[in-house]
file query_3.txt (compact mmCIF, C-alpha atoms and all ligand atoms)
# COMPACT_ATOMS: atom_id res chain seq x y z
CA MET A 400 0.22 -42.08 13.33
CA PRO A 401 0.65 -38.30 13.82
CA GLN A 402 0.53 -36.43 10.54
CA LYS A 403 3.73 -34.86 9.22
CA LYS A 404 3.65 -31.11 9.79
CA PRO A 405 3.72 -28.97 6.64
CA LEU A 406 7.00 -27.22 5.82
CA VAL A 407 6.42 -23.46 5.99
CA PHE A 408 9.04 -20.96 4.76
CA VAL A 409 8.75 -17.43 6.14
CA THR A 410 10.81 -14.99 4.07
CA ARG A 411 11.17 -12.12 6.58
CA LYS A 412 11.24 -11.60 10.36
CA LEU A 413 7.68 -11.49 11.71
CA PRO A 414 6.57 -10.46 15.23
CA ASP A 415 7.87 -12.91 17.84
CA ALA A 416 4.39 -14.02 18.92
CA ILE A 417 3.52 -14.96 15.34
CA GLU A 418 6.78 -16.78 14.73
CA THR A 419 6.42 -18.74 17.98
CA ARG A 420 2.88 -19.87 17.10
CA MET A 421 4.05 -20.73 13.59
CA MET A 422 6.81 -22.92 15.10
CA GLU A 423 4.23 -24.69 17.30
CA LEU A 424 1.84 -25.40 14.46
CA PHE A 425 4.10 -26.15 11.50
CA ASP A 426 7.59 -27.30 10.55
CA THR A 427 8.67 -23.67 10.15
CA ARG A 428 11.81 -22.09 8.68
CA LEU A 429 12.19 -18.54 9.98
CA ASN A 430 14.39 -15.71 8.75
CA VAL A 431 15.36 -14.26 12.13
CA ASP A 432 18.14 -12.10 10.61
CA ASP A 433 15.50 -10.47 8.36
CA ALA A 434 17.86 -10.15 5.38
CA PRO A 435 15.70 -9.93 2.21
CA MET A 436 15.93 -13.23 0.35
CA THR A 437 17.68 -13.35 -3.02
CA LYS A 438 15.99 -14.88 -6.04
CA ALA A 439 18.21 -17.96 -5.68
CA GLU A 440 17.15 -18.34 -2.02
CA LEU A 441 13.49 -17.96 -2.93
CA ILE A 442 13.87 -20.65 -5.58
CA GLU A 443 15.52 -22.97 -3.04
CA ALA A 444 12.60 -22.34 -0.68
CA VAL A 445 9.80 -23.03 -3.20
CA LYS A 446 11.56 -26.21 -4.32
CA ILE A 447 10.95 -27.86 -0.94
CA ALA A 448 8.27 -25.84 0.89
CA ASP A 449 4.63 -26.81 1.30
CA VAL A 450 3.76 -23.21 2.12
CA LEU A 451 5.60 -19.97 1.37
CA VAL A 452 4.97 -16.84 3.47
CA PRO A 453 6.34 -13.91 1.45
CA THR A 454 6.06 -10.15 1.91
CA VAL A 455 6.04 -7.18 -0.41
CA THR A 456 9.87 -7.34 -0.69
CA ASP A 457 9.86 -10.77 -2.37
CA ARG A 458 9.37 -10.99 -6.12
CA ILE A 459 7.51 -14.26 -6.60
CA ASP A 460 7.56 -14.13 -10.40
CA ALA A 461 6.99 -16.75 -13.08
CA GLN A 462 10.67 -17.72 -12.99
CA VAL A 463 10.59 -18.45 -9.25
CA LEU A 464 7.27 -20.31 -9.50
CA SER A 465 8.49 -22.37 -12.47
CA GLN A 466 11.07 -23.93 -10.12
CA SER A 467 8.58 -24.77 -7.37
CA GLY A 468 8.52 -28.35 -6.18
CA PRO A 469 5.53 -30.69 -6.10
CA ASN A 470 4.82 -29.94 -2.42
CA LEU A 471 4.19 -26.22 -2.82
CA ARG A 472 0.44 -25.63 -2.64
CA LEU A 473 -0.06 -22.37 -0.76
CA ILE A 474 1.43 -18.89 -0.87
CA ALA A 475 0.18 -17.19 2.31
CA ASN A 476 1.23 -13.58 1.76
CA PHE A 477 1.96 -11.37 4.78
CA GLY A 478 0.31 -8.22 3.42
CA ALA A 479 -2.78 -7.12 1.55
CA GLY A 480 -1.20 -6.19 -1.80
CA VAL A 481 -0.19 -9.15 -3.97
CA ASP A 482 1.33 -7.35 -6.94
CA HIS A 483 4.72 -8.91 -6.16
CA ILE A 484 3.29 -12.37 -6.88
CA ASP A 485 2.64 -13.59 -10.43
CA LEU A 486 -0.95 -14.62 -9.82
CA ALA A 487 -1.47 -16.02 -13.33
CA SER A 488 1.49 -18.39 -12.89
CA ALA A 489 0.28 -19.35 -9.43
CA ARG A 490 -3.18 -20.13 -10.81
CA GLN A 491 -1.70 -22.11 -13.68
CA ARG A 492 0.30 -24.22 -11.25
CA GLY A 493 -2.76 -24.96 -9.12
CA LEU A 494 -1.52 -22.94 -6.13
CA THR A 495 -3.70 -21.14 -3.64
CA VAL A 496 -2.71 -17.56 -2.76
CA THR A 497 -4.00 -15.76 0.33
CA ASN A 498 -3.42 -12.24 1.70
CA THR A 499 -4.21 -10.23 4.85
CA PRO A 500 -6.97 -7.71 4.05
CA ASP A 501 -9.05 -5.61 6.48
CA VAL A 502 -6.62 -5.57 9.42
CA LEU A 503 -4.44 -2.81 7.93
CA THR A 504 -7.29 -0.63 6.67
CA GLU A 505 -7.54 1.74 9.63
CA ASP A 506 -3.78 2.13 10.13
CA THR A 507 -3.23 2.90 6.46
CA ALA A 508 -6.13 5.36 6.48
CA ASP A 509 -4.64 7.10 9.55
CA MET A 510 -1.30 7.47 7.81
CA THR A 511 -3.00 8.78 4.67
CA MET A 512 -4.87 11.39 6.70
CA ALA A 513 -1.62 12.40 8.39
CA LEU A 514 -0.05 12.90 4.95
CA ILE A 515 -3.07 14.81 3.61
CA LEU A 516 -2.46 17.25 6.48
CA ALA A 517 1.33 17.15 6.44
CA VAL A 518 2.09 18.63 3.03
CA PRO A 519 -0.38 21.53 2.83
CA ARG A 520 0.40 22.51 6.45
CA ARG A 521 4.19 22.12 5.92
CA LEU A 522 4.55 19.90 8.97
CA VAL A 523 7.86 18.27 8.14
CA GLU A 524 9.37 21.47 6.74
CA GLY A 525 8.56 23.25 10.01
CA GLU A 526 10.00 20.45 12.12
CA ARG A 527 13.20 20.55 10.04
CA LEU A 528 13.55 24.29 10.65
CA ILE A 529 13.44 23.76 14.40
CA ARG A 530 16.06 21.03 14.29
CA THR A 531 18.44 23.04 12.09
CA GLY A 532 18.12 26.03 14.43
CA ASP A 533 16.72 28.20 11.62
CA TRP A 534 13.71 29.45 13.58
CA ALA A 535 14.24 33.06 14.54
CA GLY A 536 10.74 33.51 15.99
CA TRP A 537 7.13 33.87 14.93
CA SER A 538 6.12 36.13 12.09
CA PRO A 539 2.62 36.66 10.65
CA THR A 540 3.57 35.88 7.07
CA TRP A 541 6.13 33.13 7.57
CA MET A 542 5.68 29.38 6.89
CA LEU A 543 2.17 29.78 5.57
CA GLY A 544 0.56 26.62 4.28
CA ARG A 545 -2.79 25.96 2.68
CA ARG A 546 -6.14 25.34 4.43
CA ILE A 547 -7.60 21.81 4.30
CA TRP A 548 -11.13 22.61 5.49
CA GLY A 549 -13.55 23.08 2.60
CA LYS A 550 -11.28 21.59 -0.05
CA ARG A 551 -12.04 18.68 -2.41
CA LEU A 552 -10.43 15.28 -1.96
CA GLY A 553 -10.38 12.94 -4.96
CA ILE A 554 -9.99 9.30 -3.94
CA VAL A 555 -8.70 6.94 -6.61
CA GLY A 556 -9.92 3.49 -5.60
CA MET A 557 -12.88 3.42 -3.23
CA GLY A 558 -12.31 0.05 -1.55
CA ARG A 559 -11.94 -0.52 2.18
CA ILE A 560 -8.98 1.86 2.60
CA GLY A 561 -10.42 4.54 0.30
CA GLN A 562 -13.65 4.53 2.31
CA ALA A 563 -11.78 4.65 5.64
CA VAL A 564 -9.86 7.68 4.36
CA ALA A 565 -13.10 9.31 3.21
CA ARG A 566 -14.63 8.91 6.70
CA ARG A 567 -11.64 10.59 8.32
CA ALA A 568 -11.40 13.31 5.68
CA ARG A 569 -15.01 14.35 6.23
CA GLY A 570 -14.12 15.10 9.84
CA PHE A 571 -11.53 17.54 8.52
CA GLY A 572 -14.09 19.32 6.34
CA LEU A 573 -12.99 17.88 3.01
CA SER A 574 -15.65 17.05 0.46
CA ILE A 575 -15.33 13.55 -0.94
CA HIS A 576 -15.04 12.69 -4.63
CA TYR A 577 -14.00 9.32 -5.99
CA HIS A 578 -13.17 7.30 -9.05
CA ASN A 579 -13.50 3.54 -8.93
CA ARG A 580 -13.97 0.75 -11.44
CA LYS A 581 -17.42 0.24 -9.97
CA ARG A 582 -19.64 2.81 -8.33
CA VAL A 583 -19.98 1.97 -4.60
CA HIS A 584 -23.32 1.14 -2.97
CA PRO A 585 -25.67 4.17 -2.80
CA ASP A 586 -25.80 3.85 1.01
CA ILE A 587 -22.02 4.33 1.24
CA GLU A 588 -22.16 7.23 -1.23
CA ALA A 589 -24.88 8.81 0.90
CA GLU A 590 -23.02 8.24 4.19
CA LEU A 591 -19.86 9.84 2.79
CA GLU A 592 -21.72 12.43 0.70
CA ALA A 593 -19.37 11.23 -2.00
CA THR A 594 -19.46 12.32 -5.63
CA TYR A 595 -18.66 9.60 -8.18
CA TRP A 596 -16.61 10.38 -11.28
CA GLU A 597 -16.68 7.79 -14.01
CA SER A 598 -13.94 9.77 -15.74
CA LEU A 599 -10.70 9.89 -13.76
CA ASP A 600 -9.51 12.68 -16.07
CA GLN A 601 -12.50 14.83 -15.18
CA MET A 602 -12.01 14.24 -11.47
CA MET A 603 -8.27 14.92 -11.55
CA ALA A 604 -8.81 18.30 -13.19
CA ARG A 605 -11.12 19.51 -10.40
CA MET A 606 -9.58 18.29 -7.12
CA ASP A 607 -7.42 20.01 -4.50
CA VAL A 608 -5.98 16.74 -3.17
CA ILE A 609 -5.73 13.37 -4.92
CA SER A 610 -5.15 10.25 -2.82
CA ILE A 611 -4.38 6.84 -4.30
CA HIS A 612 -6.06 3.74 -2.86
CA CYS A 613 -6.28 1.27 -5.72
CA PRO A 614 -4.13 -1.87 -5.96
CA HIS A 615 -1.26 -2.06 -8.43
CA THR A 616 -2.33 -4.30 -11.31
CA PRO A 617 -1.43 -4.24 -15.02
CA ALA A 618 -4.52 -2.02 -15.45
CA THR A 619 -3.42 0.55 -12.84
CA PHE A 620 0.30 0.73 -13.70
CA HIS A 621 0.98 4.47 -14.26
CA LEU A 622 -2.72 5.19 -13.93
CA LEU A 623 -1.46 8.65 -12.98
CA SER A 624 0.58 8.96 -16.16
CA ALA A 625 2.46 12.06 -17.28
CA ARG A 626 -0.59 13.05 -19.35
CA ARG A 627 -3.03 12.62 -16.44
CA LEU A 628 -0.80 14.39 -13.93
CA LYS A 629 -0.83 17.39 -16.25
CA LEU A 630 -4.60 17.62 -15.75
CA LEU A 631 -4.11 18.53 -12.08
CA GLN A 632 -4.40 22.15 -11.06
CA PRO A 633 -1.14 23.81 -9.95
CA HIS A 634 -2.43 24.18 -6.38
CA ALA A 635 -3.20 20.44 -6.09
CA TYR A 636 -1.47 17.89 -3.85
CA VAL A 637 -0.91 14.17 -4.54
CA VAL A 638 -0.83 11.57 -1.76
CA ASN A 639 0.13 7.93 -2.30
CA THR A 640 0.00 5.22 0.36
CA ALA A 641 -0.96 2.45 -2.12
CA ARG A 642 1.75 1.41 -4.57
CA GLY A 643 4.44 3.52 -6.23
CA GLU A 644 3.81 1.95 -9.63
CA VAL A 645 0.38 3.58 -9.86
CA ILE A 646 2.06 6.98 -10.42
CA ASP A 647 4.70 7.83 -13.02
CA GLU A 648 7.21 8.91 -10.35
CA ASN A 649 9.56 10.67 -12.77
CA ALA A 650 6.74 12.67 -14.35
CA LEU A 651 5.46 13.63 -10.88
CA THR A 652 8.96 14.70 -9.84
CA ARG A 653 9.38 16.84 -12.96
CA MET A 654 6.10 18.61 -12.28
CA LEU A 655 7.00 19.25 -8.63
CA ILE A 656 10.36 20.71 -9.65
CA ARG A 657 8.63 23.05 -12.13
CA LYS A 658 6.03 23.94 -9.47
CA GLU A 659 3.25 22.69 -11.73
CA LEU A 660 1.91 20.98 -8.59
CA ALA A 661 1.80 22.28 -5.02
CA GLY A 662 3.20 19.17 -3.37
CA ALA A 663 3.13 15.43 -2.81
CA ALA A 664 3.25 13.00 0.09
CA LEU A 665 4.57 9.58 -0.82
CA ASP A 666 4.79 6.50 1.39
CA VAL A 667 5.46 4.19 -1.57
CA PHE A 668 7.76 4.41 -4.60
CA GLU A 669 8.03 2.90 -8.02
CA HIS A 670 11.36 1.18 -7.40
CA GLU A 671 11.43 0.73 -3.63
CA PRO A 672 13.65 1.20 -1.73
CA ALA A 673 15.16 3.39 -4.48
CA ILE A 674 13.69 6.87 -4.78
CA ASN A 675 14.09 9.44 -7.53
CA PRO A 676 16.95 11.47 -5.91
CA LYS A 677 15.46 14.74 -7.17
CA LEU A 678 12.52 14.24 -4.81
CA LEU A 679 14.92 14.54 -1.87
CA GLN A 680 15.78 18.12 -2.85
CA LEU A 681 12.19 19.35 -2.68
CA ASP A 682 10.57 21.07 0.31
CA SER A 683 7.13 20.46 -1.20
CA VAL A 684 7.22 16.72 -0.59
CA VAL A 685 6.92 14.47 2.45
CA LEU A 686 8.55 11.08 1.94
CA LEU A 687 7.99 8.02 4.15
CA PRO A 688 9.57 4.56 3.93
CA HIS A 689 6.46 2.44 3.18
CA MET A 690 5.10 2.57 6.73
CA GLY A 691 1.37 3.05 6.08
CA SER A 692 0.38 -0.12 7.94
CA ALA A 693 3.39 -0.22 10.28
CA THR A 694 1.84 -0.57 13.74
CA ILE A 695 2.59 -3.31 16.25
CA GLU A 696 -1.11 -4.15 16.45
CA GLY A 697 -1.42 -4.27 12.67
CA ARG A 698 1.55 -6.58 12.21
CA LEU A 699 0.20 -8.96 14.88
CA ASP A 700 -3.22 -8.97 13.21
CA MET A 701 -1.62 -9.62 9.82
CA GLY A 702 0.37 -12.50 11.31
CA GLU A 703 -2.78 -13.98 12.85
CA LYS A 704 -4.42 -13.88 9.45
CA VAL A 705 -1.46 -15.68 7.90
CA LEU A 706 -1.66 -18.37 10.62
CA ILE A 707 -5.41 -18.84 10.07
CA ASN A 708 -5.01 -18.99 6.30
CA ILE A 709 -2.32 -21.68 6.55
CA LYS A 710 -4.04 -23.68 9.28
CA THR A 711 -7.41 -23.80 7.54
CA PHE A 712 -5.74 -24.73 4.27
CA VAL A 713 -3.64 -27.58 5.68
CA ASP A 714 -6.71 -28.83 7.57
CA GLY A 715 -8.47 -29.19 4.23
CA HIS A 716 -10.71 -26.11 4.33
CA ASN A 717 -10.93 -23.04 2.14
CA PRO A 718 -8.75 -20.38 3.78
CA PRO A 719 -10.69 -17.16 4.42
CA ASP A 720 -8.54 -14.71 2.46
CA ARG A 721 -8.18 -16.37 -0.93
CA VAL A 722 -6.86 -14.23 -3.76
CA VAL A 723 -6.25 -17.25 -5.98
CA ALA A 724 -8.27 -20.33 -5.09
CA ALA A 725 -7.03 -23.66 -6.34
CA LEU A 726 -9.72 -26.24 -6.79
CA LEU A 727 -9.51 -28.50 -3.78
C1 LIG B 1 2.66 -4.03 4.19
C2 LIG B 1 1.29 -3.16 2.22
O1 LIG B 1 3.53 -3.44 5.09
O2 LIG B 1 -0.08 -4.97 2.89
C3 LIG B 1 0.31 -4.25 1.98
O3 LIG B 1 -0.10 -4.39 0.82
O4 LIG B 1 1.56 -2.42 1.39
C4 LIG B 1 1.98 -2.90 3.49
O5 LIG B 1 1.12 -2.18 4.28
C5 LIG B 1 3.43 -4.96 3.31
O6 LIG B 1 2.80 -5.25 2.14
C6 LIG B 1 3.72 -6.25 3.99
O7 LIG B 1 4.06 -7.25 3.05

call {"tool": "encode", "arguments": {"input": "query_3.txt", "output": "structure tokens"}}
result
Amino acid sequence: MPQKKPLVFVTRKLPDAIETRMMELFDTRLNVDDAPMTKAELIEAVKIADVLVPTVTDRIDAQVLSQSGPNLRLIANFGAGVDHIDLASARQRGLTVTNTPDVLTEDTADMTMALILAVPRRLVEGERLIRTGDWAGWSPTWMLGRRIWGKRLGIVGMGRIGQAVARRARGFGLSIHYHNRKRVHPDIEAELEATYWESLDQMMARMDVISIHCPHTPATFHLLSARRLKLLQPHAYVVNTARGEVIDENALTRMLIRKELAGAALDVFEHEPAINPKLLQLDSVVLLPHMGSATIEGRLDMGEKVLINIKTFVDGHNPPDRVVAALL
């Protein structure tokens, strides 16, 4: 007798190639219209699904999980960050949770590097001037930015993405400093000529650019609090391609308005897709709509990882990218 295929619910539109393979392998419910699912729709899905494939836009909280049916055993997240999933509840309910690490490291690091360059060199401001027809011609003292070469970059969170950013940044003449829960291996420190700061406060006070690369967890919520942001020097820049919740967005905005900071480049926000409207008025910020890992290649690789995680799990093996591992 052929085995019944597992029922897989995909919450958002994924690349066609991934969806097609998903349809071949599993009894799959797609969301081809790509409308974000409401809480009620998520609850309906977890009631009957064997596997849920959410993304960063789905809040899989304790309330949603409390309604899950007896079949739900795997949450195969499309994305590396899992802060939108209540992992404690998932663990309690004996669920396995997987994610898609590694494959978005280089793309996210590229975008971070672009942002590290964009604000000090006033890239977007300059482009806007051209489009509005406000460029009257070159002048030696007009549109001056700040030099990157020779400055200090403070990386908060020296995991895969932090290290990939450090490698790029060295090519641009930045010296690498970092704060991490754990000091990285001496070989990596040596390769990157990186200086470790056990005290984030101490590092913040000395850097020219701060870039965030830690996950959002209860421990890192508002890690860059109003108090910590005040430690930054007025010529410093803040870059965030990790999670908005790691920075107190309102405190950052206030400091930018008062010119207590030179600028910020943000790809993520505390209440996405809502943004503090005051940020939109500022020339000293570059704002992107959470597109750090948004490449066609990256999305296909992420989808492949999701497929492998589901397939290995339903075949009775440990999926490779376990964030929460239920005892099999
Ligand atoms: C993804 C991300 O686009 O993977 C992550 O954690 O932040 C993004 O790069 C998104 O999460 C997909 O769910």

call {"tool": "residues_near_ligand", "arguments": {"input": "query_3.txt", "ligand": "ligand LIG 1 (chain B)", "cutoff": "10 Å", "atoms": "all atoms listed in the file", "output": "PyMOL selection string"}}
result
chain A and resi 411+452-457+476-483+498-504+506-507+614-615+640-642+666-667+689-694+697-698+701

call {"tool": "residues_around", "arguments": {"input": "query_3.txt", "residues": "Val518 (chain A)", "least_positions_apart": "4", "cutoff": "12 Å", "atoms": "only C-alpha atoms", "output": "ChimeraX atom specification"}}
result
/A:511-514,522-525,542-547,608,634-638,660-665,681-686

call {"tool": "residues_around", "arguments": {"input": "query_3.txt", "residues": "region 577-590 of chain A", "least_positions_apart": "2", "cutoff": "6 Å", "atoms": "only C-alpha atoms", "output": "number ranges by chain"}}
result
A: 553-557, 592-593, 595-596, 599

call {"tool": "atom_distance", "arguments": {"input": "query_3.txt", "atom1": "CA of Arg490 (chain A)", "atom2": "CA of Arg472 (chain A)"}}
result
10.5 Å

call {"tool": "atom_distance", "arguments": {"input": "query_3.txt", "atom1": "CA of Met606 (chain A)", "atom2": "CA of Asp509 (chain A)"}}
result
20.7 Å

call {"tool": "closest_residue", "arguments": {"input": "query_3.txt", "among": "A:Arg627, A:Phe668, A:Lys550, A:Leu424", "to": "Glu644 (chain A)", "atoms": "all atoms listed in the file"}}
result
A:Phe668

call {"tool": "closest_residue", "arguments": {"input": "query_3.txt", "among": "A:Ser624, A:Pro519, A:Val496, A:Val409", "to": "Asp600 (chain A)", "atoms": "only C-alpha atoms"}}
result
A:Ser624

call {"tool": "atom_distance", "arguments": {"input": "query_3.txt", "atom1": "CA of Leu622 (chain A)", "atom2": "CA of Arg605 (chain A)"}}
result
17.0 Å

call {"tool": "closest_residue", "arguments": {"input": "query_3.txt", "among": "A:Leu552, A:Val713, A:Ile695, A:Ala618", "to": "Thr495 (chain A)", "atoms": "all atoms listed in the file"}}
result
A:Val713

call {"tool": "closest_residue", "arguments": {"input": "query_3.txt", "among": "A:Arg520, A:Val407, A:Ala461, A:Asp647", "to": "Leu473 (chain A)", "atoms": "all atoms listed in the file"}}
result
A:Val407

call {"tool": "closest_residue", "arguments": {"input": "query_3.txt", "among": "A:Met602, A:Leu516, A:Ile674, A:Val722", "to": "Ile575 (chain A)", "atoms": "all atoms listed in the file"}}
result
A:Met602
